[in-house]
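K.L.:
Next comes the structure file protein24.csv, holding CSV, C-alpha atoms.
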chain,number,residue,atom,x,y,z
A,1283,MET,CA,35.0,-70.0,-37.3
A,1284,GLY,CA,35.8,-70.6,-33.7
A,1285,ASN,CA,34.2,-68.6,-31.0
A,1286,SER,CA,37.2,-66.2,-30.5
A,1287,THR,CA,37.4,-65.6,-34.3
A,1288,SER,CA,33.6,-65.0,-34.5
A,1289,ARG,CA,33.8,-62.4,-31.7
A,1290,LEU,CA,36.7,-60.8,-33.5
A,1291,TYR,CA,34.8,-60.7,-36.8
A,1292,SER,CA,31.8,-59.2,-35.0
A,1293,ALA,CA,34.0,-56.5,-33.4
A,1294,LEU,CA,35.6,-55.7,-36.8
A,1295,ALA,CA,32.2,-55.6,-38.5
A,1296,LYS,CA,30.9,-53.3,-35.8
A,1297,THR,CA,33.7,-50.7,-36.5
A,1298,LEU,CA,33.2,-51.2,-40.3
A,1299,ASN,CA,29.5,-50.6,-40.2
A,1300,SER,CA,29.2,-47.8,-37.7
A,1301,SER,CA,27.2,-44.9,-39.0
A,1302,THR,CA,29.2,-41.7,-39.2
A,1303,ALA,CA,26.3,-39.3,-39.6
A,1304,SER,CA,24.4,-40.4,-36.5
A,1305,GLN,CA,27.4,-40.5,-34.2
A,1306,HIS,CA,28.1,-36.8,-33.6
A,1307,PRO,CA,29.7,-36.1,-31.2
A,1308,GLU,CA,30.4,-39.7,-30.4
A,1309,TYR,CA,34.0,-39.4,-31.5
A,1310,LEU,CA,34.7,-37.9,-28.1
A,1311,VAL,CA,33.2,-41.0,-26.2
A,1312,SER,CA,35.4,-43.9,-25.1
A,1313,PRO,CA,34.5,-47.3,-26.4
A,1314,ASP,CA,32.5,-49.8,-24.3
A,1315,PRO,CA,35.0,-51.7,-22.1
A,1316,GLU,CA,33.4,-55.0,-22.8
A,1317,HIS,CA,34.7,-54.8,-26.4
A,1318,LEU,CA,38.3,-54.4,-25.2
A,1319,GLU,CA,39.3,-58.0,-24.7
A,1320,PRO,CA,42.7,-58.8,-26.2
A,1321,ILE,CA,42.8,-60.1,-29.7
A,1322,ASP,CA,45.4,-62.0,-31.7
A,1323,PRO,CA,47.0,-59.8,-34.4
A,1324,LYS,CA,47.2,-62.9,-36.7
A,1325,GLU,CA,43.4,-63.4,-36.4
A,1326,LEU,CA,42.7,-59.7,-37.1
A,1327,LEU,CA,45.0,-59.8,-40.1
A,1328,GLU,CA,43.1,-62.8,-41.4
A,1329,GLU,CA,39.8,-61.0,-41.0
A,1330,CYS,CA,41.1,-58.0,-42.8
A,1331,ARG,CA,42.3,-60.1,-45.7
A,1332,ALA,CA,38.9,-61.8,-45.8
A,1333,VAL,CA,37.2,-58.4,-46.2
A,1334,LEU,CA,39.8,-57.6,-48.9
A,1335,HIS,CA,39.5,-60.9,-50.8
A,1336,THR,CA,38.4,-59.1,-54.0
A,1337,ARG,CA,41.3,-56.7,-54.0
A,1338,PRO,CA,44.8,-57.3,-55.4
A,1339,PRO,CA,47.3,-58.5,-52.8
A,1340,ARG,CA,49.6,-56.2,-51.0
A,1341,PHE,CA,52.9,-55.5,-52.7
A,1342,GLN,CA,56.0,-56.9,-51.0
A,1343,ARG,CA,58.3,-54.3,-49.3
A,1344,ASP,CA,61.6,-55.4,-47.8
A,1345,PHE,CA,63.6,-54.1,-44.9
A,1346,VAL,CA,67.1,-52.9,-45.8
A,1347,ASP,CA,69.7,-53.8,-43.2
A,1348,LEU,CA,71.6,-50.7,-42.2
A,1349,ARG,CA,73.5,-52.0,-39.2
A,1350,ALA,CA,77.0,-51.0,-38.6
A,1351,GLU,CA,79.1,-53.1,-36.2
A,1352,CYS,CA,77.1,-52.1,-33.2
A,1353,PRO,CA,75.3,-55.1,-31.7
A,1354,SER,CA,72.6,-54.3,-29.2
A,1355,SER,CA,71.7,-56.5,-26.2
A,1356,HIS,CA,68.0,-55.5,-26.5
A,1357,PRO,CA,65.4,-55.9,-29.2
A,1358,PRO,CA,65.1,-53.0,-31.6
A,1359,ILE,CA,62.3,-50.4,-31.4
A,1360,ARG,CA,60.2,-50.5,-34.5
A,1361,VAL,CA,58.6,-47.1,-35.4
A,1362,MET,CA,56.0,-46.5,-38.2
A,1363,GLN,CA,55.3,-43.1,-39.6
A,1364,TRP,CA,52.2,-42.8,-41.8
A,1365,ASN,CA,49.8,-40.2,-43.1
A,1366,ILE,CA,46.8,-42.6,-43.5
A,1367,LEU,CA,44.6,-40.1,-45.5
A,1368,ALA,CA,41.5,-38.8,-43.6
A,1369,GLN,CA,38.4,-40.6,-44.9
A,1370,ALA,CA,36.5,-37.4,-45.2
A,1371,LEU,CA,39.2,-35.7,-47.2
A,1372,GLY,CA,39.8,-38.7,-49.4
A,1373,GLU,CA,36.1,-38.9,-50.3
A,1374,GLY,CA,35.1,-35.3,-50.1
A,1375,LYS,CA,38.0,-32.9,-50.8
A,1376,ASP,CA,41.2,-34.3,-52.2
A,1377,ASN,CA,40.0,-35.0,-55.8
A,1378,PHE,CA,42.1,-38.0,-56.6
A,1379,VAL,CA,40.9,-38.1,-60.2
A,1380,GLN,CA,42.6,-41.4,-61.1
A,1381,CYS,CA,41.4,-43.3,-58.0
A,1382,PRO,CA,38.1,-45.2,-58.4
A,1383,VAL,CA,35.5,-44.2,-55.9
A,1384,GLU,CA,35.2,-47.8,-54.8
A,1385,ALA,CA,38.8,-47.9,-53.7
A,1386,LEU,CA,38.1,-45.2,-51.1
A,1387,LYS,CA,35.2,-46.9,-49.4
A,1388,TRP,CA,35.9,-47.0,-45.7
A,1389,GLU,CA,34.7,-50.5,-45.2
A,1390,GLU,CA,37.7,-51.9,-47.2
A,1391,ARG,CA,40.2,-49.0,-47.0
A,1392,LYS,CA,40.2,-49.3,-43.2
A,1393,CYS,CA,41.2,-53.0,-43.6
A,1394,LEU,CA,44.0,-52.1,-46.0
A,1395,ILE,CA,45.3,-49.6,-43.3
A,1396,LEU,CA,45.1,-52.2,-40.6
A,1397,GLU,CA,46.7,-54.8,-42.8
A,1398,GLU,CA,49.7,-52.5,-43.4
A,1399,ILE,CA,50.1,-51.9,-39.6
A,1400,LEU,CA,49.6,-55.6,-38.8
A,1401,ALA,CA,52.1,-56.7,-41.5
A,1402,TYR,CA,55.0,-54.7,-39.9
A,1403,GLN,CA,53.9,-54.8,-36.3
A,1404,PRO,CA,55.4,-51.5,-35.1
A,1405,ASP,CA,56.2,-51.0,-31.4
A,1406,ILE,CA,55.3,-47.3,-31.9
A,1407,LEU,CA,52.8,-46.0,-34.5
A,1408,CYS,CA,52.8,-42.3,-35.5
A,1409,LEU,CA,49.8,-41.3,-37.7
A,1410,GLN,CA,48.4,-38.2,-39.3
A,1411,GLU,CA,45.0,-37.4,-40.8
A,1412,VAL,CA,43.3,-39.8,-38.4
A,1413,ASP,CA,39.5,-39.1,-38.4
A,1414,HIS,CA,38.4,-42.6,-37.2
A,1415,TYR,CA,40.3,-42.7,-33.9
A,1416,PHE,CA,37.6,-43.4,-31.4
A,1417,ASP,CA,35.4,-45.7,-33.5
A,1418,THR,CA,38.2,-47.7,-35.2
A,1419,PHE,CA,41.8,-47.3,-34.3
A,1420,GLN,CA,41.6,-46.8,-30.6
A,1421,PRO,CA,39.3,-49.7,-29.8
A,1422,LEU,CA,41.1,-52.2,-32.2
A,1423,LEU,CA,44.7,-51.2,-31.4
A,1424,SER,CA,44.0,-51.1,-27.7
A,1425,ARG,CA,43.0,-54.8,-28.0
A,1426,LEU,CA,46.3,-55.4,-29.6
A,1427,GLY,CA,48.1,-54.0,-26.6
A,1428,TYR,CA,48.7,-50.4,-27.7
A,1429,GLN,CA,48.1,-47.3,-25.6
A,1430,GLY,CA,46.9,-44.4,-27.8
A,1431,THR,CA,46.7,-40.6,-27.7
A,1432,PHE,CA,44.8,-38.5,-30.2
A,1433,PHE,CA,45.1,-34.7,-30.7
A,1434,PRO,CA,42.7,-33.3,-33.3
A,1435,LYS,CA,43.2,-30.2,-35.3
A,1436,PRO,CA,41.3,-27.2,-33.8
A,1437,TRP,CA,39.7,-26.4,-37.2
A,1438,SER,CA,39.9,-29.7,-39.1
A,1439,PRO,CA,38.9,-29.5,-42.8
A,1440,CYS,CA,37.1,-32.8,-42.3
A,1441,LEU,CA,34.4,-30.9,-40.6
A,1442,ASP,CA,33.5,-29.1,-43.8
A,1443,VAL,CA,32.6,-32.4,-45.5
A,1444,GLU,CA,29.1,-33.7,-45.3
A,1445,HIS,CA,28.6,-36.9,-43.2
A,1446,ASN,CA,32.1,-36.5,-41.7
A,1447,ASN,CA,33.3,-38.6,-38.8
A,1448,GLY,CA,34.7,-35.7,-36.8
A,1449,PRO,CA,38.0,-33.8,-36.9
A,1450,ASP,CA,41.2,-35.3,-38.1
A,1451,GLY,CA,44.4,-35.1,-36.2
A,1452,CYS,CA,47.6,-36.8,-35.1
A,1453,ALA,CA,47.6,-40.1,-33.2
A,1454,LEU,CA,50.4,-41.8,-31.3
A,1455,PHE,CA,50.3,-45.5,-30.2
A,1456,PHE,CA,52.9,-47.5,-28.3
A,1457,LEU,CA,52.9,-51.1,-27.1
A,1458,GLN,CA,52.3,-51.2,-23.3
A,1459,ASN,CA,54.3,-54.4,-22.8
A,1460,ARG,CA,57.4,-52.7,-24.1
A,1461,PHE,CA,57.1,-49.1,-22.8
A,1462,LYS,CA,56.0,-47.2,-19.8
A,1463,LEU,CA,54.6,-43.6,-20.3
A,1464,VAL,CA,56.7,-41.1,-18.4
A,1465,ASN,CA,55.0,-37.9,-19.6
A,1466,SER,CA,52.9,-36.7,-22.5
A,1467,ALA,CA,52.4,-33.3,-24.1
A,1468,ASN,CA,49.8,-32.2,-26.7
A,1469,ILE,CA,51.3,-29.2,-28.6
A,1470,ARG,CA,49.3,-26.7,-30.7
A,1471,LEU,CA,51.9,-25.3,-32.9
A,1472,THR,CA,52.4,-21.5,-33.2
A,1473,ALA,CA,53.8,-19.5,-36.1
A,1474,MET,CA,55.0,-16.0,-35.5
A,1475,THR,CA,53.3,-16.0,-32.1
A,1476,LEU,CA,49.9,-17.0,-33.6
A,1477,LYS,CA,48.3,-20.3,-32.7
A,1478,THR,CA,47.8,-22.4,-35.8
A,1479,ASN,CA,45.6,-25.3,-36.9
A,1480,GLN,CA,48.5,-27.8,-36.8
A,1481,VAL,CA,49.4,-30.0,-33.8
A,1482,ALA,CA,51.9,-32.4,-32.4
A,1483,ILE,CA,52.1,-35.0,-29.7
A,1484,ALA,CA,55.3,-35.6,-27.7
A,1485,GLN,CA,55.7,-38.4,-25.2
A,1486,THR,CA,58.6,-39.6,-23.1
A,1487,LEU,CA,58.7,-43.4,-22.9
A,1488,GLU,CA,60.8,-45.7,-20.8
A,1489,CYS,CA,61.8,-49.1,-22.2
A,1490,LYS,CA,60.8,-51.8,-19.8
A,1491,GLU,CA,63.7,-54.1,-21.0
A,1492,SER,CA,66.5,-51.6,-20.6
A,1493,GLY,CA,65.2,-48.8,-18.4
A,1494,ARG,CA,66.3,-46.3,-21.1
A,1495,GLN,CA,64.1,-43.3,-21.8
A,1496,PHE,CA,63.5,-41.5,-25.1
A,1497,CYS,CA,61.0,-39.0,-26.5
A,1498,ILE,CA,58.8,-39.8,-29.5
A,1499,ALA,CA,56.9,-37.1,-31.3
A,1500,VAL,CA,54.4,-36.9,-34.2
A,1501,THR,CA,53.3,-33.9,-36.2
A,1502,HIS,CA,51.7,-32.7,-39.4
A,1503,LEU,CA,52.7,-29.3,-40.6
A,1504,LYS,CA,50.7,-26.9,-42.8
A,1505,ALA,CA,50.2,-28.0,-46.4
A,1506,ARG,CA,50.4,-26.2,-49.8
A,1507,THR,CA,52.8,-24.1,-51.8
A,1508,GLY,CA,53.1,-20.5,-50.6
A,1509,TRP,CA,53.1,-21.5,-46.9
A,1510,GLU,CA,56.8,-22.2,-46.7
A,1511,ARG,CA,57.6,-19.5,-44.1
A,1512,PHE,CA,54.6,-20.6,-42.1
A,1513,ARG,CA,55.8,-24.2,-42.0
A,1514,SER,CA,59.3,-22.9,-41.1
A,1515,ALA,CA,57.9,-21.0,-38.1
A,1516,GLN,CA,55.8,-24.1,-37.0
A,1517,GLY,CA,59.0,-26.2,-37.2
A,1518,CYS,CA,60.9,-23.8,-35.1
A,1519,ASP,CA,58.2,-23.8,-32.5
A,1520,LEU,CA,58.1,-27.6,-32.4
A,1521,LEU,CA,61.9,-27.8,-32.1
A,1522,GLN,CA,61.8,-25.3,-29.1
A,1523,ASN,CA,59.1,-27.5,-27.5
A,1524,LEU,CA,61.2,-30.6,-28.0
A,1525,GLN,CA,64.3,-28.9,-26.7
A,1526,ASN,CA,62.4,-28.3,-23.4
A,1527,ILE,CA,60.9,-31.8,-23.3
A,1528,THR,CA,64.2,-33.5,-23.9
A,1529,GLN,CA,65.9,-31.3,-21.3
A,1530,GLY,CA,68.2,-29.7,-23.8
A,1531,ALA,CA,68.8,-32.9,-25.8
A,1532,LYS,CA,69.6,-35.1,-22.7
A,1533,ILE,CA,66.8,-37.5,-23.7
A,1534,PRO,CA,67.1,-39.2,-27.1
A,1535,LEU,CA,64.5,-38.1,-29.6
A,1536,ILE,CA,62.5,-39.6,-32.5
A,1537,VAL,CA,60.3,-37.2,-34.5
A,1538,CYS,CA,57.8,-38.6,-37.1
A,1539,GLY,CA,55.8,-36.4,-39.4
A,1540,ASP,CA,54.2,-35.3,-42.6
A,1541,PHE,CA,56.1,-32.0,-42.8
A,1542,ASN,CA,54.5,-31.0,-46.1
A,1543,ALA,CA,58.0,-29.8,-47.1
A,1544,GLU,CA,60.6,-31.0,-49.5
A,1545,PRO,CA,64.3,-31.3,-48.3
A,1546,THR,CA,65.0,-27.9,-50.0
A,1547,GLU,CA,62.6,-26.0,-47.6
A,1548,GLU,CA,63.7,-24.0,-44.6
A,1549,VAL,CA,61.8,-26.2,-42.1
A,1550,TYR,CA,63.8,-29.3,-43.2
A,1551,LYS,CA,67.1,-27.3,-42.9
A,1552,HIS,CA,66.1,-26.2,-39.3
A,1553,PHE,CA,65.6,-29.9,-38.3
A,1554,ALA,CA,68.8,-31.0,-40.1
A,1555,SER,CA,70.9,-28.3,-38.3
A,1556,SER,CA,69.2,-28.2,-34.9
A,1557,SER,CA,71.1,-28.4,-31.7
A,1558,LEU,CA,69.1,-31.6,-31.0
A,1559,ASN,CA,71.6,-33.2,-33.5
A,1560,LEU,CA,69.0,-35.0,-35.6
A,1561,ASN,CA,69.4,-37.1,-38.7
A,1562,SER,CA,66.7,-38.2,-41.2
A,1563,ALA,CA,66.6,-42.0,-41.1
A,1564,TYR,CA,65.5,-42.5,-44.7
A,1565,LYS,CA,68.6,-40.8,-46.0
A,1566,LEU,CA,70.5,-43.9,-45.0
A,1567,LEU,CA,68.8,-45.8,-47.9
A,1568,SER,CA,70.5,-43.7,-50.5
A,1569,ALA,CA,73.8,-44.7,-52.0
A,1570,ASP,CA,75.7,-41.8,-50.3
A,1571,GLY,CA,73.6,-41.8,-47.1
A,1572,GLN,CA,72.9,-38.1,-47.7
A,1573,SER,CA,69.9,-38.1,-50.0
A,1574,GLU,CA,66.2,-38.4,-49.2
A,1575,PRO,CA,64.0,-40.8,-51.2
A,1576,PRO,CA,62.7,-39.4,-54.5
A,1577,TYR,CA,59.1,-39.5,-53.1
A,1578,THR,CA,57.0,-40.4,-50.1
A,1579,THR,CA,53.7,-39.3,-51.7
A,1580,TRP,CA,52.5,-39.7,-55.3
A,1581,LYS,CA,49.1,-38.7,-56.5
A,1582,ILE,CA,47.1,-37.3,-59.4
A,1583,ARG,CA,44.6,-34.5,-58.7
A,1584,THR,CA,42.6,-32.2,-61.0
A,1585,SER,CA,45.6,-29.8,-60.8
A,1586,GLY,CA,48.0,-32.5,-62.1
A,1587,GLU,CA,50.4,-35.1,-60.9
A,1588,CYS,CA,52.2,-34.5,-57.6
A,1589,ARG,CA,55.3,-36.5,-56.6
A,1590,HIS,CA,57.0,-35.2,-53.5
A,1591,THR,CA,59.2,-36.2,-50.5
A,1592,LEU,CA,57.3,-34.8,-47.5
A,1593,ASP,CA,57.4,-37.5,-44.8
A,1594,TYR,CA,60.3,-38.1,-42.4
A,1595,ILE,CA,61.6,-39.9,-39.4
A,1596,TRP,CA,64.2,-37.8,-37.5
A,1597,TYR,CA,66.3,-39.3,-34.7
A,1598,SER,CA,69.1,-38.4,-32.3
A,1599,GLN,CA,72.0,-39.7,-34.3
A,1600,ARG,CA,74.5,-40.0,-31.5
A,1601,ALA,CA,72.2,-41.8,-29.0
A,1602,LEU,CA,70.3,-44.0,-31.5
A,1603,SER,CA,71.2,-46.2,-34.5
A,1604,VAL,CA,69.0,-47.2,-37.4
A,1605,ARG,CA,69.2,-50.9,-37.7
A,1606,SER,CA,66.9,-51.3,-40.7
A,1607,ALA,CA,64.4,-49.3,-42.8
A,1608,LEU,CA,61.5,-50.5,-45.0
A,1609,ASP,CA,62.1,-49.8,-48.6
A,1610,LEU,CA,59.5,-47.8,-50.6
A,1611,LEU,CA,57.2,-49.0,-53.3
A,1612,THR,CA,58.6,-48.7,-56.7
A,1613,GLU,CA,57.0,-46.6,-59.5
A,1614,GLU,CA,56.0,-49.9,-61.2
A,1615,GLN,CA,54.3,-51.1,-58.0
A,1616,ILE,CA,52.5,-47.8,-57.5
A,1617,GLY,CA,51.2,-48.0,-61.0
A,1618,PRO,CA,50.2,-45.3,-63.6
A,1619,ASN,CA,47.1,-44.1,-61.6
A,1620,ARG,CA,49.3,-43.5,-58.6
A,1621,LEU,CA,48.0,-43.3,-55.0
A,1622,PRO,CA,45.6,-44.1,-53.4
A,1623,SER,CA,44.4,-47.2,-55.2
A,1624,PHE,CA,42.9,-50.6,-54.8
A,1625,HIS,CA,46.4,-51.8,-53.8
A,1626,TYR,CA,47.3,-49.0,-51.3
A,1627,PRO,CA,45.0,-47.0,-49.0
A,1628,SER,CA,46.7,-43.7,-48.7
A,1629,ASP,CA,48.4,-41.1,-51.0
A,1630,HIS,CA,51.4,-41.3,-48.6
A,1631,LEU,CA,53.7,-44.3,-48.1
A,1632,SER,CA,54.3,-45.6,-44.7
A,1633,LEU,CA,57.9,-45.3,-43.3
A,1634,VAL,CA,59.1,-48.0,-40.9
A,1635,CYS,CA,62.5,-48.0,-39.1
A,1636,ASP,CA,64.1,-50.3,-36.5
A,1637,PHE,CA,66.1,-48.3,-33.9
A,1638,SER,CA,68.5,-49.4,-31.2
A,1639,PHE,CA,70.2,-47.4,-28.4
A,1640,ASN,CA,73.9,-46.9,-28.8
A,1641,GLU,CA,75.8,-48.6,-26.0
A,1642,GLU,CA,77.3,-45.3,-24.6
A,1643,PRO,CA,74.3,-43.9,-22.7
A,1644,ASP,CA,76.3,-41.0,-21.2
A,1645,GLU,CA,77.6,-39.8,-24.6
A,1646,LEU,CA,76.3,-36.4,-25.6
A,1647,LEU,CA,73.6,-36.4,-28.2
Write out the structure in this file as structure tokens.

P.N.:
Amino acid sequence: MGNSTSRLYSALAKTLNSSTASQHPEYLVSPDPEHLEPIDPKELLEECRAVLHTRPPRFQRDFVDLRAECPSSHPPIRVMQWNILAQALGEGKDNFVQCPVEALKWEERKCLILEEILAYQPDILCLQEVDHYFDTFQPLLSRLGYQGTFFPKPWSPCLDVEHNNGPDGCALFFLQNRFKLVNSANIRLTAMTLKTNQVAIAQTLECKESGRQFCIAVTHLKARTGWERFRSAQGCDLLQNLQNITQGAKIPLIVCGDFNAEPTEEVYKHFASSSLNLNSAYKLLSADGQSEPPYTTWKIRTSGECRHTLDYIWYSQRALSVRSALDLLTEEQIGPNRLPSFHYPSDHLSLVCDFSFNEEPDELL
């Protein structure tokens, strides 16, 4: 190995081998600046694959071209949405009965997550269930040129797990060479006037190439059956916040999230009928352009098999166009033991879309 690769391997190994039990409350501490020298994403990808050499290779997923006749003079904005599965929950609470314990080891699962991110090279990365922000994702992604924000849940279930790595929450990263941060809001969602344990991050960014501004938001709503009205109230609160942040829909909007809600739920209908004029990007992969994918998460727990569509990328459909979207893994690729697995690090699939601005900036959203 050359010197740069050796330093990279050393930095990766340091994040892999950090002790979780001895670090409290070190998840609140910024990393040492001397470890923030830029790194080549290709080198990091090679190092991840070296760690993963005993695992099966990643499955191929292809981008589906969705462009109409609307050429753009600027490169697209690639957005990734992903619930990466909190490490503490994967090992301590989620009871993935068909997933081998070895497949959940952080030393390798972390590299599978990074490999997925590096393979698709998003300009903006929206993550849920992040419980290794300060010791892994922030230091490594900052060296790849991303600026990150993390907003933990106030009462994260990760804290109930022995030897946890701190609370999980939402994280939002964007490439600093493409975007300038205009403003940022951390939102603790309310439901029926009560503050809840769910959060969102909303940031207004300005494209350095075009000068166009847009808002990007990430959220993770309340899980489980029986909480449909609660999720609906959280969604309404988030929509109201976004209405204010986008100045009454004057600023184009992209909202990524694990909504924990099927398309039949009220919270989905609120987003679909909002005055923000949003559309769900992954509907465009269907034959009629009106149907969500059959699943975005597929797992087997002690309670049985769970196959649901819960994850979405919403966007201002008059201001933005979806140029392409990453197809989902097939049932055959996922395999009979479902997710997570040695092949794939989370119980949720990543969603990736390429967006471009429509050429009429003054058109109403």

K.L.:
Pick out the closest residue to Trp1388 of chain A from this set: A:His1414, A:Lys1490, A:Arg1425, A:Lys1375. Count only C-alpha atoms.

P.N.:
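The shortest atom-to-atom distance to Trp1388 of chain A comes from A:His1414.
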
K.L.:
When you draw a straight line from atom CA of Lys1581 of chain A to atom CA of Phe1541 of chain A, how long is it in Å?

P.N.:
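These atoms are spaced 16.8 Å apart.
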
K.L.:
Set the distance at 12 Å and use only C-alpha atoms: which residues neighbour Glu1384 of chain A once local chain neighbours fewer than 6 positions away are removed? I'd like the list as a list in words.

P.N.:
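Listing them by chain and then by number gives Thr1336, Arg1337, Gly1372, Glu1373, Glu1390, Arg1391, Pro1622, Ser1623, Phe1624, His1625 and Pro1627 of chain A.
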
K.L.:
How would the residues just picked look written out with C-alpha atoms as an mmCIF file, in the coordinates of the input?

P.N.:
data_model
loop_
_atom_site.group_PDB
_atom_site.id
_atom_site.type_symbol
_atom_site.label_atom_id
_atom_site.label_comp_id
_atom_site.auth_asym_id
_atom_site.auth_seq_id
_atom_site.Cartn_x
_atom_site.Cartn_y
_atom_site.Cartn_z
ATOM 1 C CA THR A 1336 38.400 -59.100 -54.000
ATOM 2 C CA ARG A 1337 41.300 -56.700 -54.000
ATOM 3 C CA GLY A 1372 39.800 -38.700 -49.400
ATOM 4 C CA GLU A 1373 36.100 -38.900 -50.300
ATOM 5 C CA GLU A 1390 37.700 -51.900 -47.200
ATOM 6 C CA ARG A 1391 40.200 -49.000 -47.000
ATOM 7 C CA PRO A 1622 45.600 -44.100 -53.400
ATOM 8 C CA SER A 1623 44.400 -47.200 -55.200
ATOM 9 C CA PHE A 1624 42.900 -50.600 -54.800
ATOM 10 C CA HIS A 1625 46.400 -51.800 -53.800
ATOM 11 C CA PRO A 1627 45.000 -47.000 -49.000
#

K.L.:
Distance atom CA of Arg1331 of chain A-atom CA of Met1362 of chain A, one decimal place?

P.N.:
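The value is 20.7 Å.
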
K.L.:
Any idea what the distance is between atom CA of Gln1516 of chain A and atom CA of Asp1405 of chain A?

P.N.:
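Between atom CA of Gln1516 of chain A and atom CA of Asp1405 of chain A the gap is 27.5 Å.
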
K.L.:
Which one is closest to Glu1547 of chain A: A:Gly1508, A:Pro1320, A:Pro1421, A:Pro1382? Count all atoms listed in the file.

P.N.:
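Answer, going by the shortest atom-to-atom distance: A:Gly1508.
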
K.L.:
Need to verify the contact set: Ala1515 of chain A, 12 Å, all atoms listed in the file, exclusion of same-chain residues closer than 6 positions in sequence. Can you return it as a PyMOL selection string?

P.N.:
chain A and resi 1471-1478+1480+1503-1504+1509+1521-1522+1547-1550+1552-1553

K.L.:
Find the nearest atom pair between each residue of segment 1434-1510 of chain A and segment 1593-1600 of chain A for residues within 10 Å, count only C-alpha atoms, give distances in Å to one decimal, sort rows by chain and ascending number, and present the table as CSV.

P.N.:
residue,atom,partner,partner_atom,distance
A:Phe1496,CA,A:Ser1598,CA,9.6
A:Cys1497,CA,A:Tyr1597,CA,9.8
A:Ile1498,CA,A:Tyr1597,CA,9.1
A:Ala1499,CA,A:Trp1596,CA,9.6
A:Val1500,CA,A:Ile1595,CA,9.4
A:His1502,CA,A:Asp1593,CA,9.2

K.L.:
Of the residues A:Leu1386, A:Leu1631, A:Ala1607, A:Leu1334, which is the one nearest to Leu1566 of chain A, using only C-alpha atoms?

P.N.:
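Answer, going by the shortest atom-to-atom distance: A:Ala1607.
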
K.L.:
If you count only C-alpha atoms, which residues fall within 12 Å of Pro1439 of chain A, apart from same-chain ones fewer than 4 positions away, as a ChimeraX atom specification?

P.N.:
/A:1368-1372,1374-1376,1411,1413,1434-1435,1443-1444,1446-1451,1479-1480,1505

K.L.:
Go through A:Leu1327, A:Leu1367, A:Val1604, A:Ile1359 and flag the residue nearest Leu1426 of chain A, using only C-alpha atoms for the distances.

P.N.:
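Result for the nearest residue to Leu1426 of chain A: A:Leu1327.
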
K.L.:
For a quick check of understanding, using all atoms listed in the file, which of A:Ser1557, A:Cys1452, A:Asn1459, A:Pro1358 has the smallest distance to Ser1438 of chain A?

P.N.:
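Distance minimum relative to Ser1438 of chain A lands on A:Cys1452.
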
K.L.:
Would you mind listing what lies within 10 Å of segment 1339-1351 of chain A as a ChimeraX atom specification, with only C-alpha atoms counted and same-chain residues fewer than 2 positions away left out?

P.N.:
/A:1331,1334-1337,1353-1354,1394,1397-1398,1401-1402,1566-1567,1603-1612,1615-1616,1624-1626,1634-1638

K.L.:
What lies within 9 Å of Arg1589 of chain A using only C-alpha atoms, ignoring chain neighbours under 5 positions off, as a list of chain:residue names?

P.N.:
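What passes the distance filter is A:Pro1576, A:Tyr1577, A:Thr1578, A:Thr1579, A:Trp1580, A:Lys1581, A:Ile1582.
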
K.L.:
Which residue out of A:Asn1640, A:Asn1559, A:Thr1591, A:Asn1619 has the minimum interatomic distance to Cys1381 of chain A when only C-alpha atoms are used?

P.N.:
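Looking at the shortest contact to Cys1381 of chain A, the residue is A:Asn1619.
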
K.L.:
Can you fill out segment 1501-1507 of chain A with N, CA, C and O atoms and hand it back as a CSV table (one decimal), in the coordinates of the input?

P.N.:
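The resulting file, out_0.csv, is reproduced below:
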chain,number,residue,atom,x,y,z
A,1501,THR,N,53.9,-35.2,-35.8
A,1501,THR,CA,53.3,-33.9,-36.2
A,1501,THR,C,52.9,-33.9,-37.6
A,1501,THR,O,53.2,-34.9,-38.4
A,1502,HIS,N,52.1,-32.9,-38.0
A,1502,HIS,CA,51.7,-32.7,-39.4
A,1502,HIS,C,51.6,-31.2,-39.6
A,1502,HIS,O,50.8,-30.5,-39.1
A,1503,LEU,N,52.6,-30.7,-40.4
A,1503,LEU,CA,52.7,-29.3,-40.6
A,1503,LEU,C,51.7,-28.8,-41.8
A,1503,LEU,O,51.2,-29.6,-42.5
A,1504,LYS,N,51.6,-27.5,-41.9
A,1504,LYS,CA,50.7,-26.9,-42.8
A,1504,LYS,C,51.1,-27.2,-44.3
A,1504,LYS,O,52.2,-27.3,-44.7
A,1505,ALA,N,50.0,-27.5,-45.0
A,1505,ALA,CA,50.2,-28.0,-46.4
A,1505,ALA,C,50.2,-26.8,-47.4
A,1505,ALA,O,49.9,-25.7,-47.0
A,1506,ARG,N,50.6,-27.1,-48.6
A,1506,ARG,CA,50.4,-26.2,-49.8
A,1506,ARG,C,51.6,-25.3,-50.0
A,1506,ARG,O,52.2,-24.7,-49.1
A,1507,THR,N,51.8,-25.1,-51.3
A,1507,THR,CA,52.8,-24.1,-51.8
A,1507,THR,C,52.4,-22.7,-51.4
A,1507,THR,O,51.2,-22.4,-51.4
